Every structure is written in structure tokens, then in C-alpha cells.
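Undergrad: Next comes work05.txt, compact mmCIF, C-alpha atoms and all ligand atoms:
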```
# COMPACT_ATOMS: atom_id res chain seq x y z
CA MET A 1 -95.81 174.76 77.37
CA THR A 2 -94.26 177.49 79.51
CA ALA A 3 -95.29 181.14 79.31
CA LYS A 4 -91.74 182.01 78.40
CA SER A 5 -91.63 179.71 75.40
CA LEU A 6 -94.96 181.09 74.19
CA GLN A 7 -93.51 184.57 74.34
CA THR A 8 -90.43 183.51 72.39
CA ASN A 9 -92.57 181.95 69.72
CA THR A 10 -94.90 184.91 69.38
CA ILE A 11 -94.05 187.06 66.41
CA ASN A 12 -94.31 190.69 67.37
CA PRO A 13 -92.19 192.98 65.22
CA GLN A 14 -92.05 196.69 65.86
CA VAL A 15 -93.84 198.83 63.33
CA MET A 16 -91.87 201.79 62.00
CA GLY A 17 -94.13 204.43 60.45
CA ILE A 18 -92.78 206.55 57.61
CA LEU A 19 -93.39 210.25 58.17
CA ASN A 20 -93.76 212.10 54.92
CA VAL A 21 -91.75 215.28 54.98
CA THR A 22 -91.87 216.96 51.62
CA PRO A 23 -88.96 219.22 50.59
CA ASP A 24 -90.92 222.29 49.53
CA SER A 25 -92.95 222.51 52.68
CA PHE A 26 -89.94 222.42 54.96
CA SER A 27 -87.16 224.13 53.04
CA ASP A 28 -88.01 227.30 54.92
CA GLY A 29 -87.37 225.55 58.20
CA GLY A 30 -90.94 224.53 58.83
CA LYS A 31 -93.89 226.24 57.26
CA PHE A 32 -96.65 226.09 59.83
CA ALA A 33 -99.29 224.24 57.82
CA SER A 34 -96.95 221.42 56.80
CA PHE A 35 -95.30 221.26 60.16
CA ASP A 36 -98.70 220.96 61.75
CA SER A 37 -99.80 218.28 59.31
CA ALA A 38 -96.64 216.28 60.05
CA LEU A 39 -97.46 216.39 63.76
CA LYS A 40 -101.04 215.33 62.99
CA GLN A 41 -99.65 212.40 60.98
CA VAL A 42 -97.52 211.43 63.98
CA GLU A 43 -100.50 211.57 66.34
CA GLN A 44 -102.53 209.42 63.95
CA MET A 45 -99.73 206.85 63.67
CA ILE A 46 -99.45 206.69 67.46
CA ASN A 47 -103.21 206.09 67.74
CA ASP A 48 -102.83 203.38 65.09
CA GLY A 49 -100.20 201.54 67.14
CA VAL A 50 -96.86 202.64 65.70
CA ASP A 51 -93.68 201.82 67.67
CA ILE A 52 -91.16 204.08 65.91
CA ILE A 53 -91.58 207.19 63.71
CA ASP A 54 -89.07 207.41 60.83
CA ILE A 55 -88.35 210.96 59.71
CA GLY A 56 -86.82 210.99 56.26
CA GLY A 57 -84.92 213.73 54.54
CA GLU A 58 -85.34 213.53 50.76
CA SER A 59 -81.63 212.80 50.25
CA THR A 60 -82.08 209.07 50.87
CA ARG A 61 -84.74 208.62 48.20
CA PRO A 62 -83.73 206.65 45.09
CA GLY A 63 -83.43 208.94 42.10
CA ALA A 64 -83.75 212.03 44.25
CA VAL A 65 -81.53 215.03 43.79
CA ASP A 66 -79.17 215.76 46.65
CA VAL A 67 -80.52 217.93 49.42
CA SER A 68 -78.13 220.36 51.07
CA GLU A 69 -77.09 219.77 54.65
CA GLU A 70 -78.63 223.09 55.63
CA ASP A 71 -82.01 222.18 54.11
CA GLU A 72 -82.03 218.71 55.62
CA LEU A 73 -81.21 220.07 59.08
CA ALA A 74 -83.92 222.72 58.76
CA ARG A 75 -86.45 220.11 57.75
CA VAL A 76 -85.66 217.36 60.21
CA ILE A 77 -84.42 218.87 63.49
CA PRO A 78 -87.38 221.18 64.31
CA LEU A 79 -89.75 218.31 63.62
CA LEU A 80 -87.75 215.91 65.79
CA LYS A 81 -87.79 218.46 68.63
CA ALA A 82 -91.53 219.03 68.28
CA ILE A 83 -92.31 215.30 68.27
CA LYS A 84 -90.11 214.64 71.30
CA ALA A 85 -91.71 217.59 73.15
CA ARG A 86 -95.27 216.41 72.51
CA PHE A 87 -95.24 212.62 72.31
CA ASP A 88 -93.72 209.65 74.08
CA ILE A 89 -92.59 207.77 70.98
CA LYS A 90 -89.32 206.49 69.55
CA VAL A 91 -88.01 208.49 66.61
CA SER A 92 -85.65 207.30 63.92
CA ILE A 93 -83.85 209.72 61.60
CA ASP A 94 -83.36 208.61 57.99
CA THR A 95 -80.16 210.39 57.00
CA SER A 96 -76.69 209.83 55.53
CA LYS A 97 -75.15 213.10 56.70
CA ALA A 98 -72.85 213.23 59.74
CA LYS A 99 -74.02 216.70 60.81
CA VAL A 100 -77.69 215.69 60.66
CA MET A 101 -76.86 212.55 62.64
CA SER A 102 -75.03 214.46 65.39
CA GLN A 103 -77.75 217.12 65.74
CA ALA A 104 -80.45 214.46 65.69
CA ILE A 105 -78.69 212.51 68.44
CA ALA A 106 -78.28 215.74 70.46
CA HIS A 107 -82.04 216.34 70.17
CA GLY A 108 -83.15 212.91 71.33
CA ALA A 109 -83.26 210.70 68.23
CA ASP A 110 -83.63 207.05 69.26
CA ILE A 111 -82.28 205.43 66.09
CA ILE A 112 -80.17 206.56 63.12
CA ASN A 113 -81.37 204.96 59.90
CA ASP A 114 -78.73 205.23 57.17
CA VAL A 115 -79.34 203.87 53.67
CA ARG A 116 -75.60 204.39 53.09
CA ALA A 117 -74.64 202.32 56.14
CA LEU A 118 -72.36 205.02 57.67
CA GLN A 119 -70.11 205.16 54.58
CA ASN A 120 -70.23 208.96 54.23
CA THR A 121 -67.50 211.09 55.80
CA GLY A 122 -67.75 211.53 59.54
CA CYS A 123 -70.73 209.22 60.14
CA LEU A 124 -68.84 206.41 61.88
CA ALA A 125 -67.22 208.92 64.24
CA VAL A 126 -70.57 210.50 65.14
CA LEU A 127 -72.15 207.15 65.95
CA ALA A 128 -69.05 206.06 67.88
CA GLN A 129 -69.60 209.04 70.22
CA SER A 130 -73.17 207.99 71.03
CA ASP A 131 -74.86 204.83 72.21
CA ILE A 132 -78.07 204.72 70.18
CA PRO A 133 -78.90 201.97 67.67
CA VAL A 134 -78.07 202.38 64.00
CA CYS A 135 -79.68 200.73 60.98
CA LEU A 136 -77.17 199.76 58.28
CA MET A 137 -78.95 199.38 54.94
CA HIS A 138 -77.52 197.67 51.89
CA MET A 139 -77.53 199.54 48.59
CA GLN A 140 -75.76 198.60 45.36
CA GLY A 141 -74.61 201.65 43.40
CA MET A 142 -75.85 205.17 43.93
CA PRO A 143 -79.50 206.29 44.02
CA ARG A 144 -79.64 207.96 40.60
CA THR A 145 -78.31 204.95 38.66
CA MET A 146 -78.66 201.93 40.95
CA GLN A 147 -81.64 200.43 39.10
CA ASP A 148 -79.84 200.47 35.71
CA ASN A 149 -78.27 197.01 35.83
CA PRO A 150 -78.00 195.52 39.31
CA HIS A 151 -75.74 192.46 39.46
CA TYR A 152 -74.96 189.95 42.18
CA ASP A 153 -73.05 186.66 42.21
CA ASP A 154 -75.54 185.58 44.87
CA VAL A 155 -77.86 188.26 46.15
CA ILE A 156 -78.15 186.84 49.69
CA ASP A 157 -74.44 186.01 50.10
CA ASP A 158 -73.27 189.30 48.61
CA ILE A 159 -75.50 191.33 50.94
CA LYS A 160 -74.51 189.18 53.92
CA GLN A 161 -70.85 189.84 53.08
CA PHE A 162 -71.54 193.59 52.91
CA PHE A 163 -73.07 193.45 56.43
CA ILE A 164 -70.16 191.43 57.81
CA GLU A 165 -67.73 194.07 56.52
CA ARG A 166 -69.75 197.06 57.73
CA ILE A 167 -70.27 195.47 61.18
CA LYS A 168 -66.50 194.91 61.40
CA VAL A 169 -65.78 198.56 60.54
CA CYS A 170 -68.36 199.70 63.10
CA GLU A 171 -66.82 197.54 65.81
CA GLN A 172 -63.35 198.86 64.96
CA VAL A 173 -64.42 202.44 65.70
CA GLY A 174 -66.27 201.45 68.87
CA ILE A 175 -69.86 200.97 67.70
CA LYS A 176 -70.83 197.82 69.54
CA ARG A 177 -72.42 194.99 67.63
CA ASP A 178 -75.49 195.03 69.88
CA ARG A 179 -76.39 198.52 68.58
CA ILE A 180 -76.62 197.42 64.96
CA ILE A 181 -79.78 196.73 62.95
CA ILE A 182 -79.39 195.31 59.44
CA ASP A 183 -81.61 195.97 56.41
CA PRO A 184 -81.21 194.37 52.94
CA GLY A 185 -82.51 197.55 51.28
CA PHE A 186 -85.42 196.49 49.11
CA GLY A 187 -85.39 198.43 45.84
CA PHE A 188 -81.92 199.88 46.31
CA GLY A 189 -80.01 198.38 43.37
CA LYS A 190 -82.08 195.20 43.01
CA THR A 191 -84.17 193.80 40.17
CA LEU A 192 -87.75 192.66 40.75
CA GLU A 193 -86.55 189.04 40.91
CA GLN A 194 -83.73 189.88 43.30
CA ASN A 195 -86.15 191.75 45.58
CA TYR A 196 -88.48 188.74 45.77
CA GLN A 197 -85.63 186.30 46.31
CA LEU A 198 -84.50 188.50 49.20
CA LEU A 199 -88.00 188.62 50.64
CA ALA A 200 -88.41 184.86 50.38
CA GLN A 201 -85.05 184.20 52.00
CA LEU A 202 -84.91 186.91 54.67
CA HIS A 203 -84.53 184.17 57.30
CA GLN A 204 -81.00 183.59 55.97
CA PHE A 205 -79.85 186.81 57.63
CA ALA A 206 -80.70 185.28 61.01
CA GLU A 207 -77.22 183.77 61.14
CA LEU A 208 -75.83 187.28 61.73
CA GLU A 209 -77.86 187.31 64.96
CA LEU A 210 -78.87 190.95 64.64
CA PRO A 211 -82.30 192.59 64.44
CA LEU A 212 -83.49 192.87 60.84
CA LEU A 213 -85.49 195.76 59.39
CA SER A 214 -87.65 195.16 56.33
CA GLY A 215 -88.85 198.06 54.17
CA THR A 216 -91.03 197.10 51.22
CA SER A 217 -94.03 199.39 51.76
CA ARG A 218 -95.53 200.70 48.47
CA LYS A 219 -92.27 200.05 46.62
CA SER A 220 -91.83 199.34 42.90
CA MET A 221 -91.30 195.63 43.62
CA ILE A 222 -95.02 195.64 44.44
CA GLY A 223 -96.13 198.18 41.84
CA ASN A 224 -94.25 196.54 38.97
CA LEU A 225 -95.43 193.04 39.85
CA LEU A 226 -99.09 193.99 40.26
CA HIS A 227 -99.22 196.93 37.84
CA ARG A 228 -100.53 199.16 40.57
CA ASN A 229 -99.98 202.86 41.17
CA VAL A 230 -98.47 203.85 44.48
CA ASP A 231 -101.90 204.51 46.04
CA GLU A 232 -103.05 200.98 45.11
CA ARG A 233 -100.30 198.94 46.77
CA LEU A 234 -101.80 198.30 50.21
CA ALA A 235 -102.65 194.62 49.72
CA GLY A 236 -99.22 193.92 48.24
CA SER A 237 -97.52 195.87 51.02
CA LEU A 238 -99.37 194.00 53.78
CA THR A 239 -98.48 190.68 52.18
CA THR A 240 -94.79 191.56 52.15
CA ALA A 241 -95.00 192.73 55.79
CA ILE A 242 -96.43 189.34 56.80
CA ILE A 243 -93.84 187.41 54.79
CA ALA A 244 -91.06 189.39 56.51
CA ALA A 245 -92.63 188.98 59.97
CA GLN A 246 -92.88 185.23 59.48
CA GLN A 247 -89.13 185.18 58.99
CA ASN A 248 -88.48 187.02 62.24
CA ALA A 249 -88.00 190.57 60.98
CA SER A 250 -87.72 192.79 64.08
CA ILE A 251 -88.88 196.04 62.48
CA ILE A 252 -91.31 196.53 59.59
CA ARG A 253 -91.08 199.97 57.95
CA VAL A 254 -94.44 201.06 56.53
CA HIS A 255 -96.67 203.88 55.33
CA ASP A 256 -99.93 202.20 56.40
CA VAL A 257 -99.55 201.75 60.14
CA LYS A 258 -103.12 200.86 61.12
CA GLU A 259 -103.50 198.15 58.48
CA THR A 260 -100.05 196.69 59.18
CA VAL A 261 -100.68 196.54 62.94
CA ASP A 262 -103.95 194.68 62.23
CA ALA A 263 -102.29 192.23 59.86
CA LEU A 264 -99.47 191.54 62.34
CA LYS A 265 -101.99 190.92 65.14
CA VAL A 266 -103.72 188.29 63.03
CA LEU A 267 -100.39 186.65 62.25
CA SER A 268 -99.35 186.76 65.89
CA MET A 269 -102.60 185.09 66.99
CA THR A 270 -101.92 182.07 64.76
CA GLN A 271 -98.24 181.84 65.64
CA LYS A 272 -98.85 180.92 69.24
CA TYR A 273 -100.55 177.67 68.18
CA GLN A 274 -97.72 176.51 65.95
C1 LIG B 301 -88.98 206.86 46.52
C2 LIG B 301 -88.44 205.60 46.45
C3 LIG B 301 -89.18 207.47 47.75
C4 LIG B 301 -88.07 204.94 47.61
C5 LIG B 301 -88.84 206.79 48.88
C6 LIG B 301 -88.25 205.54 48.82
C7 LIG B 301 -85.79 202.41 53.09
C8 LIG B 301 -85.26 203.39 53.92
C9 LIG B 301 -86.18 204.33 52.18
C10 LIG B 301 -85.63 201.03 53.44
C11 LIG B 301 -84.48 201.79 55.39
C12 LIG B 301 -89.17 204.56 50.81
C13 LIG B 301 -87.89 204.76 50.04
N1 LIG B 301 -86.37 203.02 52.03
N2 LIG B 301 -84.61 203.09 55.07
N3 LIG B 301 -85.51 204.59 53.35
N4 LIG B 301 -84.97 200.79 54.59
N5 LIG B 301 -83.84 201.44 56.50
O1 LIG B 301 -89.98 203.74 50.33
O2 LIG B 301 -86.04 200.10 52.74
O3 LIG B 301 -89.42 205.22 51.81
S1 LIG B 301 -86.66 205.56 51.05
```
Starting from the coordinates I provided, produce the structure as C-alpha cells.
TA:
Amino acid sequence: MTAKSLQTNTINPQVMGILNVTPDSFSDGGKFASFDSALKQVEQMINDGVDIIDIGGESTRPGAVDVSEEDELARVIPLLKAIKARFDIKVSIDTSKAKVMSQAIAHGADIINDVRALQNTGCLAVLAQSDIPVCLMHMQGMPRTMQDNPHYDDVIDDIKQFFIERIKVCEQVGIKRDRIIIDPGFGFGKTLEQNYQLLAQLHQFAELELPLLSGTSRKSMIGNLLHRNVDERLAGSLTTAIIAAQQNASIIRVHDVKETVDALKVLSMTQKYQ
């Protein structure tokens, strides 16, 4: 066996660590204690082996009330600047607002992560003027009501079709295909069964030939299956990370970086003998 083929067969997804940025602590533009604790979290994640830090404004959270553009900017941009000034790490910005995207890109964001797949006003144009990667996530419905009665003819095919259309729109405005990351959006307008079907069949998205991001960490699909509170979902979360990695997910988005890096190392060690 050649070294090259070993490398190709070795599963080694990037770990994206979720940075918790709570609304209250940052609505003033960065209260020192919380700002400092966010930077400590970043340092810890880097020591634990994270590849990308994902900074999320509350506006993308299911069921969350809308956050104003002003508040989101005040929360996200100073933190992005501080991280980029102190650490050598890739940063992704979880936002659906064009203004946040453009300011984030201007301040060194490496990836835009949009749960609304650039469907809000102005987002396509902002990304078209840059050259950084963008994650297009699938969501059915809108955050406040999306879990009411999700319906699909075929959950995999329907989501695949959504990606095909969004990729086409991106290409039409000048966002090259090789900048796009796709994400089926676990928990965003999907029943428990639909979430597990998606997880089991993630490999089906390989035909789009784009990097895939998988975000299941601590989600209700784990909590509701296991009857575990959010602080008791580590084992379930690690299992879903491994299942996604085995189907060639390129990025695994997690809260528990250290444990996920360990789990992926164990998986990777077995993969090279297959
Ligand atoms: C409450 C419920 C709070 C859900 C936070 C969440 C994803 C994401 C989120 C994802 C991508 C969370 C979610 N989930 N971005 N942002 N993919 N690309 O668990 O699955 O962090 S918010």
C-alpha cells in the first residue's frame, strides 16, 4: 500500500468548537468578565485540539427571539478581533445577517456559517465579494415553529434538492462551488426519526462532492432518545460524531472538543487497517 492511499483512507475530520456567547453578557459590547471567559474557552479548545472556533450569535438558535443587528455586531465582532489578535486559529461566524457577515469578513473571519443558507437579504452579495468558504445549512420552516410538524417526501432527497438549488444560486452570483460546505441541519425542522435517518445516511450527500459539516452535539435528537438533560449528552454526542466521521463528514461541530478529538483519534487509528 502506498503512503498516499493510506492518507486518503484515513478519516480525519476537522473539529469545529462551539463558543458559547450568551446574549446578556455581550449586549453591552463585551463586558470584561464574559469577554475574558470567552477567550479562556478559546484557549482551552485550542489546547484540546480544535481546528475551527464557531462564534454564534443567538439569532440562529431554534426557538430564540430575534437579536438586533446592532446587538449581534457588538457581541461577535470584538470577540472575533480579540481571537484573531491573540491566537492562530480559524474562526467561523454563525450568522444570517449580511452586515454581520461583511464586518466579520473584514475582520478576518475564515468561514461564514449560515443556518439560513444565504437566503436573507444581501447575504449572497456579501459572500460574492469575498473568497472565504461558506456553510449552507438546511432548515425546514422558521426557528420558532419548525419543530411543530416537519414533513418530507424523502428527507435525504428533499435536502439534497435544497442544496442543489442553493449551490446553483450561489454560482449564479459568483460564489464558486469550491467555497461551499453543506450541512443537513440536524434538529432544524426534523423529527427524531428524520434526524436519525439523516445521520445513518449522511454518506448519500457525497454525490454532491462538497465538504459536509455535521452538527449534532448535545441536541434534542440525543436528549429525547436517551432522556438525558443537556449536561448528560456526552456519550450520545460522541457516538453521533463517530457515525458522521465514518461517512466522511469533513467538519464535526461540537461543544466537547477534547473528548471528540480523542474519539476521532481512536476511529482514525482503526481506519488505516481497513
Ligand atoms: C439551542 C438549540 C441552541 C440549537 C443552539 C442550537 C448548527 C449550527 C446551530 C448546525 C451549523 C446548536 C444549535 N446548530 N450551524 N448552529 N450546523 N452549521 O446546537 O447544526 O448550537 S445552533
Undergrad: Set out as JSON lines a contact list for chain A and ligand LIG 301 (chain B) with a cut-off of 10 Å, giving each residue of chain A that qualifies its closest atom pair and distance in Å to one decimal, counting all atoms listed in the file, ordered by chain and rising residue number.
TA:
```
{"residue": "A:Met16", "atom": "CA", "partner": "B:LIG301", "partner_atom": "N5", "distance": 9.7}
{"residue": "A:Gly17", "atom": "CA", "partner": "B:LIG301", "partner_atom": "O3", "distance": 9.9}
{"residue": "A:Ile18", "atom": "CA", "partner": "B:LIG301", "partner_atom": "O3", "distance": 6.8}
{"residue": "A:Leu19", "atom": "CA", "partner": "B:LIG301", "partner_atom": "O3", "distance": 9.0}
{"residue": "A:Asn20", "atom": "CA", "partner": "B:LIG301", "partner_atom": "O3", "distance": 8.7}
{"residue": "A:Asp54", "atom": "CA", "partner": "B:LIG301", "partner_atom": "N2", "distance": 8.5}
{"residue": "A:Ile55", "atom": "CA", "partner": "B:LIG301", "partner_atom": "N3", "distance": 9.4}
{"residue": "A:Gly56", "atom": "CA", "partner": "B:LIG301", "partner_atom": "N3", "distance": 7.2}
{"residue": "A:Gly57", "atom": "CA", "partner": "B:LIG301", "partner_atom": "S1", "distance": 9.1}
{"residue": "A:Glu58", "atom": "CA", "partner": "B:LIG301", "partner_atom": "C3", "distance": 7.8}
{"residue": "A:Ser59", "atom": "CA", "partner": "B:LIG301", "partner_atom": "S1", "distance": 8.9}
{"residue": "A:Thr60", "atom": "CA", "partner": "B:LIG301", "partner_atom": "S1", "distance": 5.8}
{"residue": "A:Arg61", "atom": "CA", "partner": "B:LIG301", "partner_atom": "C5", "distance": 4.5}
{"residue": "A:Pro62", "atom": "CA", "partner": "B:LIG301", "partner_atom": "C2", "distance": 5.0}
{"residue": "A:Gly63", "atom": "CA", "partner": "B:LIG301", "partner_atom": "C1", "distance": 7.4}
{"residue": "A:Ala64", "atom": "CA", "partner": "B:LIG301", "partner_atom": "C1", "distance": 7.7}
{"residue": "A:Ser92", "atom": "CA", "partner": "B:LIG301", "partner_atom": "N5", "distance": 9.6}
{"residue": "A:Ile93", "atom": "CA", "partner": "B:LIG301", "partner_atom": "N2", "distance": 9.3}
{"residue": "A:Asp94", "atom": "CA", "partner": "B:LIG301", "partner_atom": "N2", "distance": 6.4}
{"residue": "A:Thr95", "atom": "CA", "partner": "B:LIG301", "partner_atom": "N3", "distance": 8.7}
{"residue": "A:Ile112", "atom": "CA", "partner": "B:LIG301", "partner_atom": "N5", "distance": 9.1}
{"residue": "A:Asn113", "atom": "CA", "partner": "B:LIG301", "partner_atom": "N5", "distance": 5.5}
{"residue": "A:Asp114", "atom": "CA", "partner": "B:LIG301", "partner_atom": "N5", "distance": 6.4}
{"residue": "A:Val115", "atom": "CA", "partner": "B:LIG301", "partner_atom": "N2", "distance": 5.5}
{"residue": "A:Arg116", "atom": "CA", "partner": "B:LIG301", "partner_atom": "N2", "distance": 9.3}
{"residue": "A:Ala117", "atom": "CA", "partner": "B:LIG301", "partner_atom": "N5", "distance": 9.2}
{"residue": "A:Val134", "atom": "CA", "partner": "B:LIG301", "partner_atom": "N5", "distance": 9.5}
{"residue": "A:Cys135", "atom": "CA", "partner": "B:LIG301", "partner_atom": "N5", "distance": 6.2}
{"residue": "A:Leu136", "atom": "CA", "partner": "B:LIG301", "partner_atom": "N5", "distance": 7.1}
{"residue": "A:Met137", "atom": "CA", "partner": "B:LIG301", "partner_atom": "N5", "distance": 5.5}
{"residue": "A:His138", "atom": "CA", "partner": "B:LIG301", "partner_atom": "N4", "distance": 8.5}
{"residue": "A:Met139", "atom": "CA", "partner": "B:LIG301", "partner_atom": "O2", "distance": 9.5}
{"residue": "A:Pro143", "atom": "CA", "partner": "B:LIG301", "partner_atom": "C2", "distance": 9.3}
{"residue": "A:Ile181", "atom": "CA", "partner": "B:LIG301", "partner_atom": "N5", "distance": 9.0}
{"residue": "A:Ile182", "atom": "CA", "partner": "B:LIG301", "partner_atom": "N5", "distance": 8.1}
{"residue": "A:Asp183", "atom": "CA", "partner": "B:LIG301", "partner_atom": "N5", "distance": 5.9}
{"residue": "A:Pro184", "atom": "CA", "partner": "B:LIG301", "partner_atom": "O2", "distance": 7.5}
{"residue": "A:Gly185", "atom": "CA", "partner": "B:LIG301", "partner_atom": "O2", "distance": 4.6}
{"residue": "A:Phe186", "atom": "CA", "partner": "B:LIG301", "partner_atom": "O2", "distance": 5.2}
{"residue": "A:Gly187", "atom": "CA", "partner": "B:LIG301", "partner_atom": "O2", "distance": 7.1}
{"residue": "A:Phe188", "atom": "CA", "partner": "B:LIG301", "partner_atom": "O2", "distance": 7.6}
{"residue": "A:Leu212", "atom": "CA", "partner": "B:LIG301", "partner_atom": "N5", "distance": 9.6}
{"residue": "A:Leu213", "atom": "CA", "partner": "B:LIG301", "partner_atom": "N5", "distance": 6.6}
{"residue": "A:Ser214", "atom": "CA", "partner": "B:LIG301", "partner_atom": "O2", "distance": 6.3}
{"residue": "A:Gly215", "atom": "CA", "partner": "B:LIG301", "partner_atom": "O2", "distance": 3.8}
{"residue": "A:Thr216", "atom": "CA", "partner": "B:LIG301", "partner_atom": "O2", "distance": 6.0}
{"residue": "A:Ser217", "atom": "CA", "partner": "B:LIG301", "partner_atom": "O1", "distance": 6.1}
{"residue": "A:Arg218", "atom": "CA", "partner": "B:LIG301", "partner_atom": "O1", "distance": 6.6}
{"residue": "A:Lys219", "atom": "CA", "partner": "B:LIG301", "partner_atom": "O1", "distance": 5.7}
{"residue": "A:Ser220", "atom": "CA", "partner": "B:LIG301", "partner_atom": "C2", "distance": 8.0}
{"residue": "A:Ile251", "atom": "CA", "partner": "B:LIG301", "partner_atom": "N5", "distance": 9.5}
{"residue": "A:Ile252", "atom": "CA", "partner": "B:LIG301", "partner_atom": "N4", "distance": 9.1}
{"residue": "A:Arg253", "atom": "CA", "partner": "B:LIG301", "partner_atom": "N4", "distance": 7.0}
{"residue": "A:Val254", "atom": "CA", "partner": "B:LIG301", "partner_atom": "O3", "distance": 8.0}
{"residue": "A:His255", "atom": "CA", "partner": "B:LIG301", "partner_atom": "O3", "distance": 8.2}
```
Undergrad: I need the residue nearest A:Thr191 from this list: A:Val230, A:Val155, A:Ile111, A:Val21. Use only C-alpha atoms for the distance.
TA: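 Among A:Val230, A:Val155, A:Ile111, A:Val21, it is A:Val155 that comes nearest to A:Thr191.
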Undergrad: Write out as a PyMOL selection string the residues lying within 8 Å of A:Val42, counting all atoms listed in the file and excluding same-chain residues fewer than 4 positions away.
TA: chain A and resi 19+38+46+53+83
Undergrad: Please, could you write that set of residues out with C-alpha atoms as an mmCIF file, keeping the file's coordinate frame?
TA:
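out-v5.cif written:
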```cif
data_model
loop_
_atom_site.group_PDB
_atom_site.id
_atom_site.type_symbol
_atom_site.label_atom_id
_atom_site.label_comp_id
_atom_site.auth_asym_id
_atom_site.auth_seq_id
_atom_site.Cartn_x
_atom_site.Cartn_y
_atom_site.Cartn_z
ATOM 1 C CA LEU A 19 -93.390 210.250 58.170
ATOM 2 C CA ALA A 38 -96.640 216.280 60.050
ATOM 3 C CA ILE A 46 -99.450 206.690 67.460
ATOM 4 C CA ILE A 53 -91.580 207.190 63.710
ATOM 5 C CA ILE A 83 -92.310 215.300 68.270
#
```
Undergrad: Here is a test: counting only C-alpha atoms, which residue of A:Ile11, A:Ile156, A:Lys97, A:Asn149 is nearest to A:Ala249?
TA: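 Of A:Ile11, A:Ile156, A:Lys97, A:Asn149, the one nearest A:Ala249, counting only C-alpha atoms, is A:Ile11.
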Undergrad: If we count all atoms listed in the file, what is near stretch 166-170 of chain A at a cut-off of 9 Å, once residues fewer than 2 positions away on the same chain are taken out, given as a PDB file with C-alpha atoms, in the coordinates of the input?
TA:
```
ATOM      1  CA  ALA A 117     -74.640 202.320  56.140  1.00  0.00           C
ATOM      2  CA  LEU A 118     -72.360 205.020  57.670  1.00  0.00           C
ATOM      3  CA  GLN A 119     -70.110 205.160  54.580  1.00  0.00           C
ATOM      4  CA  LEU A 124     -68.840 206.410  61.880  1.00  0.00           C
ATOM      5  CA  LEU A 127     -72.150 207.150  65.950  1.00  0.00           C
ATOM      6  CA  ALA A 128     -69.050 206.060  67.880  1.00  0.00           C
ATOM      7  CA  LEU A 136     -77.170 199.760  58.280  1.00  0.00           C
ATOM      8  CA  GLN A 161     -70.850 189.840  53.080  1.00  0.00           C
ATOM      9  CA  PHE A 162     -71.540 193.590  52.910  1.00  0.00           C
ATOM     10  CA  PHE A 163     -73.070 193.450  56.430  1.00  0.00           C
ATOM     11  CA  ILE A 164     -70.160 191.430  57.810  1.00  0.00           C
ATOM     12  CA  GLN A 172     -63.350 198.860  64.960  1.00  0.00           C
ATOM     13  CA  VAL A 173     -64.420 202.440  65.700  1.00  0.00           C
ATOM     14  CA  GLY A 174     -66.270 201.450  68.870  1.00  0.00           C
ATOM     15  CA  ILE A 175     -69.860 200.970  67.700  1.00  0.00           C
ATOM     16  CA  LYS A 176     -70.830 197.820  69.540  1.00  0.00           C
ATOM     17  CA  ARG A 177     -72.420 194.990  67.630  1.00  0.00           C
ATOM     18  CA  ILE A 180     -76.620 197.420  64.960  1.00  0.00           C
TER      19      ILE A 180
END
```
Undergrad: At what distance in Å, to one decimal, does atom CA of A:Val91 lie from atom CA of A:Met146?
TA: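 Atom-to-atom, atom CA of A:Met146 to atom CA of A:Val91, that is 28.1 Å.
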Undergrad: For atom CA of A:Ala245 and atom CA of A:Pro13, determine how far apart the two atoms are, in Å to one decimal place.
TA: 6.6 Å
Undergrad: For the atom pair atom CA of A:Gln271 and atom CA of A:Ala244, what is the interatomic distance in Å to one decimal place?
TA: 13.9 Å
